[in-house]
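S.K.: Supplied in structure tokens, the structure appears directly below.
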Number of protein chains: 2
Amino acid sequence: MAVSVERLQQRVQELERELAQERSLQVPRSGDGGGGRVRIEKMSSEVVDSNPYSRLMALKRMGIVSDYEKIRTFAVAIVGVGGVGSVTAEMLTRCGIGKLLLFDYDKVELANMNRLFFQPHQAGLSKVQAAEHTLRNINPDVLFEVHNYNITTVENFQHFMDRISNGGLEEGKPVDLVLSCVDNFEARMTINTACNELGQTWMESGVSENAVSGHIQGTENVLQFKEKTNLDGILFGTSHCAPPLVVAANIDEKSLKREGVCAASLPTTMGVVAGILVQNVLKFLLNFGTVSFYLGYNAMQDFFPTMSMKPNPQCDDRNCRKQQEEYKKKVAALPKQEVIQEKEEIIHEDNEWGIELVSEVSEEELKNSSGPVPDLPEGITVAYTIPKKQEDSVTEVTVEDSGESLEDLMAKMKNM
Amino acid sequence: MAVSVERLQQRVQELERELAQERSLQVPRSGDGGGGRVRIEKMSSEVVDSNPYSRLMALKRMGIVSDYEKIRTFAVAIVGVGGVGSVTAEMLTRCGIGKLLLFDYDKVELANMNRLFFQPHQAGLSKVQAAEHTLRNINPDVLFEVHNYNITTVENFQHFMDRISNGGLEEGKPVDLVLSCVDNFEARMTINTACNELGQTWMESGVSENAVSGHIQGTENVLQFKEKTNLDGILFGTSHCAPPLVVAANIDEKSLKREGVCAASLPTTMGVVAGILVQNVLKFLLNFGTVSFYLGYNAMQDFFPTMSMKPNPQCDDRNCRKQQEEYKKKVAALPKQEVIQEKEEIIHEDNEWGIELVSEVSEEELKNSSGPVPDLPEGITVAYTIPKKQEDSVTEVTVEDSGESLEDLMAKMKNM
């Protein structure tokens with residue numbers, strides 16, 4: 001049966017109208033990967049409505065950042081593109097970061113819609129694919145490299161290590177920073193293993209199962225970097241003096257994935273955690289302000305505990321002790337500045353769920369460990385302490401509800 | 001010349017493919033306003049990937065919120081849909097708020113792309129129209145009412161007042177909360193005038209011109225509401241005891257719109273401010289945690305000053321003093337809880353721009369004012385103090401760079 005020309009013409013018009021409508025509201029106007037705007041060769045400070053960087057370049061005029069354009073020279077890897085990771089990626093994309101590497105193996109689900117970034121029509125797509133598409137539309141100047149896999153398997157771990165080492169802005173060079181935005185203990189420890197092995201700078205973030213607290217935390221290489229770049233605020237660190245990971249009270253990252261338990265989450269808490277994480281990334285990369293070693297967020301009381309890192313004068317490492325002495329001399333020569341530290345008491349919420357990532361480490365245990373003892377405000381516990389000698393023994397701290405000790409987990413990862 | 005059927009059929013196929021591709025990546029699958037999912041009649045706690053509310057309803061199981069479904073009964077008006085307002089709207093939409101009313105008169109520009117929410121292809125659309133479209137796709141269960149106008153003109157102010165009074169979830173009832181997310185002093189004072197006249201509860205937010213600090217603040221009616229609902233944390237307030245608006249150091253909201261000055265902004269700072277604002281909205285509406293009367297954010301030092309409201313025992317209002325006595329008795333009968341308060345000193349950044357919203361109010365001036373004296377941590381100044389008698393005189397505090405006194409501005413608004 002012949003189809004009438006008229007009817008076909010009508011259908012073409014209809015489709016063209018629909019397509020135009022879709023594109024005007026939700027998608028980029030061109031299909032060249034350029035999103036709603038063309039690529040920009042050089043960041044401009046010009047104050048015009050059409051300049052996507054005018055409000056960022058204004059940070060220079062305001063005396064906050066001396067060289068904002070430097071942002072384009074950095075490559076950042078984000079592991080975990082969920083409630084925190086996706087917003088982290090969007091913020092860095094809008095800030096004009098040079099390159100983003102995204103790692104995740106989850107699919108977008110309607111159950112994720114209570115957090116920012118993903119939209120219902122993306123349900124079923126892989127998170128990295130959906131994220132890349134959205135982010136490329138937002139800022140076509142950013143380079144993207146996405147990996148849709150679980151970094152904790154043997155094969156993927158090797159590939160992950162390789163991309164961290166070679167996936168920098170210039171292929172063959174390492175990335176500048178790794179951000180952990182994962183929701184489980186195993187993935188976090190895998191990132192820790194990879195970054196320690198590579199001497200890679202990284203920062204981590206976390207949110208609690210009850211959705212009302214979270215934190216960000218730097219790692220020893222962040223401290224080392226800051227020491228090298230001579231910025232104030234954070235005291236010290238060498239790769240041998242790895243600080244213990246700390247967790248805000250009530251945080252149980254492992255349990256997020258526990259069988260039969262649906263963790264609560266809020267776009268607010270995750271947005272705040274992503275915001276303070278990326279703010280510290282910007283401060284770190286662009287050399288302004290004070291980078292927090294640890295910053296917690298208790299949403300119930302609007303309480304933000306901070307923590308500074310203190311060197312351990314009894315450190316086994318001779319070079320560490322030597323560097324401490326040199327640092328002390330340097331600090332003594334500087335004008336006095338106080339590190340902000342939260343000392344107020346907070347009202348403890350009852351943990352009705354009896355959930356705890358680790359058994360609380362006693363003062364005694366902390367003193368006996370060779371790692372530097374952090375200055376812990378109330379509401380924060382230490383996740384693990386540092387072994388006396390590397391490759392030796394790990395202080396026995398067990399993860400509740402898992403039946404595996406930290407030693408077991410570390411051994412597992414070594415066998416990968 | 002006749003068009004071949006074959007060629008038309010090919011074009012239809014081509015267009016259908018393109019349309020399908022666009023829709024799979026960026027737009028909802030159906031055009032019924034239902035976005036990527038159908039409307040949901042009743043919030044469910046079921047733990048399945050297809051339930052957009054499972055992670056929110058889990059707040060009940062976690063013991064954080066007793067009645068999460070109540071969120072659907074509230075209408076919130078957001079004035080200003082920029083860097084803070086748009087993210088605020090998105091968070092509330094994802095949380096499943098009953099109704100949102102959006103007020104703005106700006107258009108989306110590429111210069112806005114350094115903040116979350118809007119995308120380059122939306123440039124040129126009105127902010128409220130673009131926002132409504134995106135938000136409706138994200139959550140079709142939310143009702144939207146948008147107004148593309150400037151609330152500070154005489155005519156629009158009347159309409160704004162009318163919608164605040166009648167635009168609640170049920171037409172004819174007032175909204176439950178007004179959020180000020182505007183970027184200039186005039187709009188903020190207009191909202192203040194409207195809400196005071198209507199006895200409307202509202203909260204406000206702000207970010208600094210240099211992009212590295214911000215704050216949120218409740219108003220007297222928030223305090224009054226909390227008093228009524230018997231929650232702890234915030235002490236007191238009656239409509240006569242309006243607290244002075246306070247501003248974080250270096251904030252100059254007016255100057256955001258100053259001729260020739262391009263204010264800096266960051267997605268991080270704005271995301272954090274929106275996050276803490278909506279978190280406090282949720283705590284306020286759903287009765288959990290402690291609502292902050294004032295919470296600041298200093299991004300340079302990761303410093304979050306909080307402030308509590310103290311009643312003025314010398315208040316002119318007899319009913320206020322009476323309520324204070326009753327409140328004291330009530331508090332004495334409760335188990336002791338400390339209100340968190342930041343007392344640490346911070347290193348003051350130099351304000352190289354000489355920008356100040358108001359001249360600093362001296363200790364003396366504060367004592368002489370009849371308004372309650374807030375407990376101000378360092379880094380915060382008082383925007384204005386409260387007149388001895390209403391409708392009488394306003395303490396002379398002038399806005400720099402504007403040439404208009406607060407009195408002038410108030411008088412202007414009264415004449416609207």
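Residue numbers start at 1 in each chain; chains themselves are named A, B, ... in the order of the structure tokens; ligands are numbered from 1 in the order shown.
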What are the residues of chain A lining chain B at 6 Å or less? Count only C-alpha atoms, and put the answer as a ChimeraX atom specification.

M.R.: /A:5,12,19,26-28,36,49-52,55-56,58-59,62,91,94-95,109-111,113-114,119-121,138,210,264-265,267-268,271-272,275,279,289-290,300-301

S.K.: Quick one: residues within 10 Å of stretch 163-171 of chain A, only C-alpha atoms, excluding same-chain residues fewer than 3 positions away - as a PDB file with C-alpha atoms, in the first residue's frame?

M.R.:
```pdb
ATOM      1  CA  ARG A  72      43.147  23.848  32.872  1.00  0.00           C
ATOM      2  CA  THR A  73      46.483  22.129  33.466  1.00  0.00           C
ATOM      3  CA  PHE A  74      45.133  19.638  36.007  1.00  0.00           C
ATOM      4  CA  ALA A  75      43.718  16.135  35.627  1.00  0.00           C
ATOM      5  CA  VAL A  76      41.547  14.781  38.450  1.00  0.00           C
ATOM      6  CA  ALA A  77      40.303  11.206  38.813  1.00  0.00           C
ATOM      7  CA  GLY A  98      41.607  20.287  32.375  1.00  0.00           C
ATOM      8  CA  LYS A  99      40.620  16.628  32.471  1.00  0.00           C
ATOM      9  CA  LEU A 100      38.323  14.377  34.474  1.00  0.00           C
ATOM     10  CA  LEU A 101      38.661  10.595  34.749  1.00  0.00           C
ATOM     11  CA  LEU A 143      38.517  16.346  28.525  1.00  0.00           C
ATOM     12  CA  GLU A 145      37.882   9.666  30.192  1.00  0.00           C
ATOM     13  CA  HIS A 147      35.685   3.682  32.902  1.00  0.00           C
ATOM     14  CA  PHE A 157      42.756  -2.780  39.676  1.00  0.00           C
ATOM     15  CA  GLN A 158      45.762  -3.060  37.363  1.00  0.00           C
ATOM     16  CA  HIS A 159      44.029  -0.943  34.735  1.00  0.00           C
ATOM     17  CA  PHE A 160      42.986   1.591  37.376  1.00  0.00           C
ATOM     18  CA  PRO A 174      50.059  10.768  36.289  1.00  0.00           C
ATOM     19  CA  VAL A 175      46.839  12.502  37.268  1.00  0.00           C
ATOM     20  CA  ASP A 176      47.227  15.383  39.706  1.00  0.00           C
ATOM     21  CA  LEU A 177      44.683  14.218  42.247  1.00  0.00           C
ATOM     22  CA  VAL A 178      42.466  11.218  42.984  1.00  0.00           C
ATOM     23  CA  ALA A 194      46.736   2.113  44.797  1.00  0.00           C
ATOM     24  CA  CYS A 195      47.596   5.650  45.881  1.00  0.00           C
ATOM     25  CA  LEU A 198      52.004   5.072  43.442  1.00  0.00           C
ATOM     26  CA  GLY A 199      52.754   7.886  45.880  1.00  0.00           C
ATOM     27  CA  GLN A 200      49.612   9.470  44.474  1.00  0.00           C
TER      28      GLN A 200
END
```

S.K.: Could you tell me which of A:Ser208, A:Ser44, A:Asn192, A:Thr219 comes closest to A:Tyr297 if we count only C-alpha atoms?

M.R.: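 Among A:Ser208, A:Ser44, A:Asn192, A:Thr219, it is A:Ser208 that comes nearest to A:Tyr297.
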
S.K.: What's the separation between atom CA of A:Phe144 and atom CA of A:Leu102, in Å to one decimal place?

M.R.: 7.7 Å

S.K.: Determine which residues of stretch 55-215 of chain A DSSP labels as strand (DSSP E) from the backbone of this structure, then write them out as number ranges by chain.

M.R.: A: 75-79, 99-103, 143-147, 177-180, 202-207, 213-215

S.K.: Keeping N, CA, C and O atoms, export the residues of the selection given above as a JSON list (two decimals), in the first residue's frame.

M.R.:
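So again.json came out as:
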```json
[["chain", "number", "residue", "atom", "x", "y", "z"],
["A", 75, "ALA", "N", 44.57, 17.30, 35.88],
["A", 75, "ALA", "CA", 43.72, 16.13, 35.63],
["A", 75, "ALA", "C", 43.33, 15.54, 36.98],
["A", 75, "ALA", "O", 44.19, 15.32, 37.83],
["A", 76, "VAL", "N", 42.05, 15.33, 37.18],
["A", 76, "VAL", "CA", 41.55, 14.78, 38.45],
["A", 76, "VAL", "C", 40.76, 13.50, 38.18],
["A", 76, "VAL", "O", 39.90, 13.47, 37.28],
["A", 77, "ALA", "N", 41.06, 12.45, 38.93],
["A", 77, "ALA", "CA", 40.30, 11.21, 38.81],
["A", 77, "ALA", "C", 39.27, 11.14, 39.94],
["A", 77, "ALA", "O", 39.60, 11.42, 41.09],
["A", 78, "ILE", "N", 38.03, 10.81, 39.59],
["A", 78, "ILE", "CA", 36.98, 10.67, 40.59],
["A", 78, "ILE", "C", 36.52, 9.22, 40.60],
["A", 78, "ILE", "O", 36.06, 8.70, 39.58],
["A", 79, "VAL", "N", 36.67, 8.57, 41.74],
["A", 79, "VAL", "CA", 36.23, 7.18, 41.85],
["A", 79, "VAL", "C", 34.90, 7.16, 42.58],
["A", 79, "VAL", "O", 34.82, 7.59, 43.74],
["A", 99, "LYS", "N", 41.08, 17.96, 32.83],
["A", 99, "LYS", "CA", 40.62, 16.63, 32.47],
["A", 99, "LYS", "C", 40.01, 15.93, 33.68],
["A", 99, "LYS", "O", 40.49, 16.07, 34.79],
["A", 100, "LEU", "N", 38.95, 15.19, 33.42],
["A", 100, "LEU", "CA", 38.32, 14.38, 34.47],
["A", 100, "LEU", "C", 38.35, 12.92, 34.05],
["A", 100, "LEU", "O", 37.99, 12.59, 32.92],
["A", 101, "LEU", "N", 38.74, 12.04, 34.97],
["A", 101, "LEU", "CA", 38.66, 10.60, 34.75],
["A", 101, "LEU", "C", 37.61, 10.07, 35.72],
["A", 101, "LEU", "O", 37.72, 10.32, 36.93],
["A", 102, "LEU", "N", 36.59, 9.42, 35.21],
["A", 102, "LEU", "CA", 35.51, 8.93, 36.07],
["A", 102, "LEU", "C", 35.51, 7.40, 36.11],
["A", 102, "LEU", "O", 35.61, 6.74, 35.08],
["A", 103, "PHE", "N", 35.39, 6.85, 37.31],
["A", 103, "PHE", "CA", 35.33, 5.40, 37.50],
["A", 103, "PHE", "C", 34.07, 5.04, 38.28],
["A", 103, "PHE", "O", 33.86, 5.56, 39.37],
["A", 143, "LEU", "N", 38.31, 17.67, 29.11],
["A", 143, "LEU", "CA", 38.52, 16.35, 28.53],
["A", 143, "LEU", "C", 37.95, 15.31, 29.49],
["A", 143, "LEU", "O", 38.11, 15.44, 30.71],
["A", 144, "PHE", "N", 37.31, 14.29, 28.93],
["A", 144, "PHE", "CA", 36.73, 13.24, 29.79],
["A", 144, "PHE", "C", 37.27, 11.87, 29.40],
["A", 144, "PHE", "O", 37.46, 11.58, 28.21],
["A", 145, "GLU", "N", 37.50, 11.06, 30.42],
["A", 145, "GLU", "CA", 37.88, 9.67, 30.19],
["A", 145, "GLU", "C", 37.08, 8.88, 31.21],
["A", 145, "GLU", "O", 37.19, 9.12, 32.41],
["A", 146, "VAL", "N", 36.20, 7.98, 30.75],
["A", 146, "VAL", "CA", 35.35, 7.27, 31.71],
["A", 146, "VAL", "C", 35.58, 5.77, 31.65],
["A", 146, "VAL", "O", 35.87, 5.21, 30.59],
["A", 147, "HIS", "N", 35.49, 5.12, 32.82],
["A", 147, "HIS", "CA", 35.69, 3.68, 32.90],
["A", 147, "HIS", "C", 34.53, 3.05, 33.66],
["A", 147, "HIS", "O", 34.35, 3.34, 34.85],
["A", 177, "LEU", "N", 45.40, 14.48, 41.01],
["A", 177, "LEU", "CA", 44.68, 14.22, 42.25],
["A", 177, "LEU", "C", 43.67, 13.11, 42.02],
["A", 177, "LEU", "O", 43.05, 13.05, 40.96],
["A", 178, "VAL", "N", 43.51, 12.24, 43.03],
["A", 178, "VAL", "CA", 42.47, 11.22, 42.98],
["A", 178, "VAL", "C", 41.46, 11.56, 44.08],
["A", 178, "VAL", "O", 41.85, 11.87, 45.21],
["A", 179, "LEU", "N", 40.18, 11.53, 43.75],
["A", 179, "LEU", "CA", 39.14, 11.79, 44.75],
["A", 179, "LEU", "C", 38.33, 10.53, 44.98],
["A", 179, "LEU", "O", 37.77, 9.96, 44.04],
["A", 180, "SER", "N", 38.25, 10.11, 46.21],
["A", 180, "SER", "CA", 37.46, 8.93, 46.55],
["A", 180, "SER", "C", 36.06, 9.37, 46.95],
["A", 180, "SER", "O", 35.87, 10.06, 47.94],
["A", 202, "TRP", "N", 45.77, 12.02, 47.13],
["A", 202, "TRP", "CA", 44.32, 11.81, 47.02],
["A", 202, "TRP", "C", 43.58, 12.39, 48.21],
["A", 202, "TRP", "O", 44.16, 12.69, 49.25],
["A", 203, "MET", "N", 42.30, 12.60, 48.04],
["A", 203, "MET", "CA", 41.44, 13.06, 49.13],
["A", 203, "MET", "C", 40.22, 12.15, 49.14],
["A", 203, "MET", "O", 39.84, 11.61, 48.10],
["A", 204, "GLU", "N", 39.62, 11.99, 50.31],
["A", 204, "GLU", "CA", 38.45, 11.13, 50.32],
["A", 204, "GLU", "C", 37.26, 11.82, 50.97],
["A", 204, "GLU", "O", 37.39, 12.83, 51.66],
["A", 205, "SER", "N", 36.08, 11.27, 50.73],
["A", 205, "SER", "CA", 34.85, 11.83, 51.25],
["A", 205, "SER", "C", 33.95, 10.70, 51.70],
["A", 205, "SER", "O", 34.12, 9.55, 51.28],
["A", 206, "GLY", "N", 33.00, 11.00, 52.53],
["A", 206, "GLY", "CA", 32.06, 9.97, 52.97],
["A", 206, "GLY", "C", 30.81, 10.57, 53.55],
["A", 206, "GLY", "O", 30.81, 11.71, 54.01],
["A", 207, "VAL", "N", 29.73, 9.83, 53.48],
["A", 207, "VAL", "CA", 28.49, 10.25, 54.12],
["A", 207, "VAL", "C", 27.97, 9.09, 54.96],
["A", 207, "VAL", "O", 28.24, 7.92, 54.66],
["A", 213, "SER", "N", 25.30, 12.99, 58.38],
["A", 213, "SER", "CA", 26.66, 13.46, 58.58],
["A", 213, "SER", "C", 27.56, 13.00, 57.46],
["A", 213, "SER", "O", 27.24, 12.08, 56.72],
["A", 214, "GLY", "N", 28.67, 13.67, 57.35],
["A", 214, "GLY", "CA", 29.62, 13.36, 56.29],
["A", 214, "GLY", "C", 30.96, 13.98, 56.61],
["A", 214, "GLY", "O", 31.11, 14.66, 57.63],
["A", 215, "HIS", "N", 31.94, 13.74, 55.76],
["A", 215, "HIS", "CA", 33.27, 14.31, 56.01],
["A", 215, "HIS", "C", 34.10, 14.31, 54.73],
["A", 215, "HIS", "O", 33.78, 13.60, 53.77]]
```
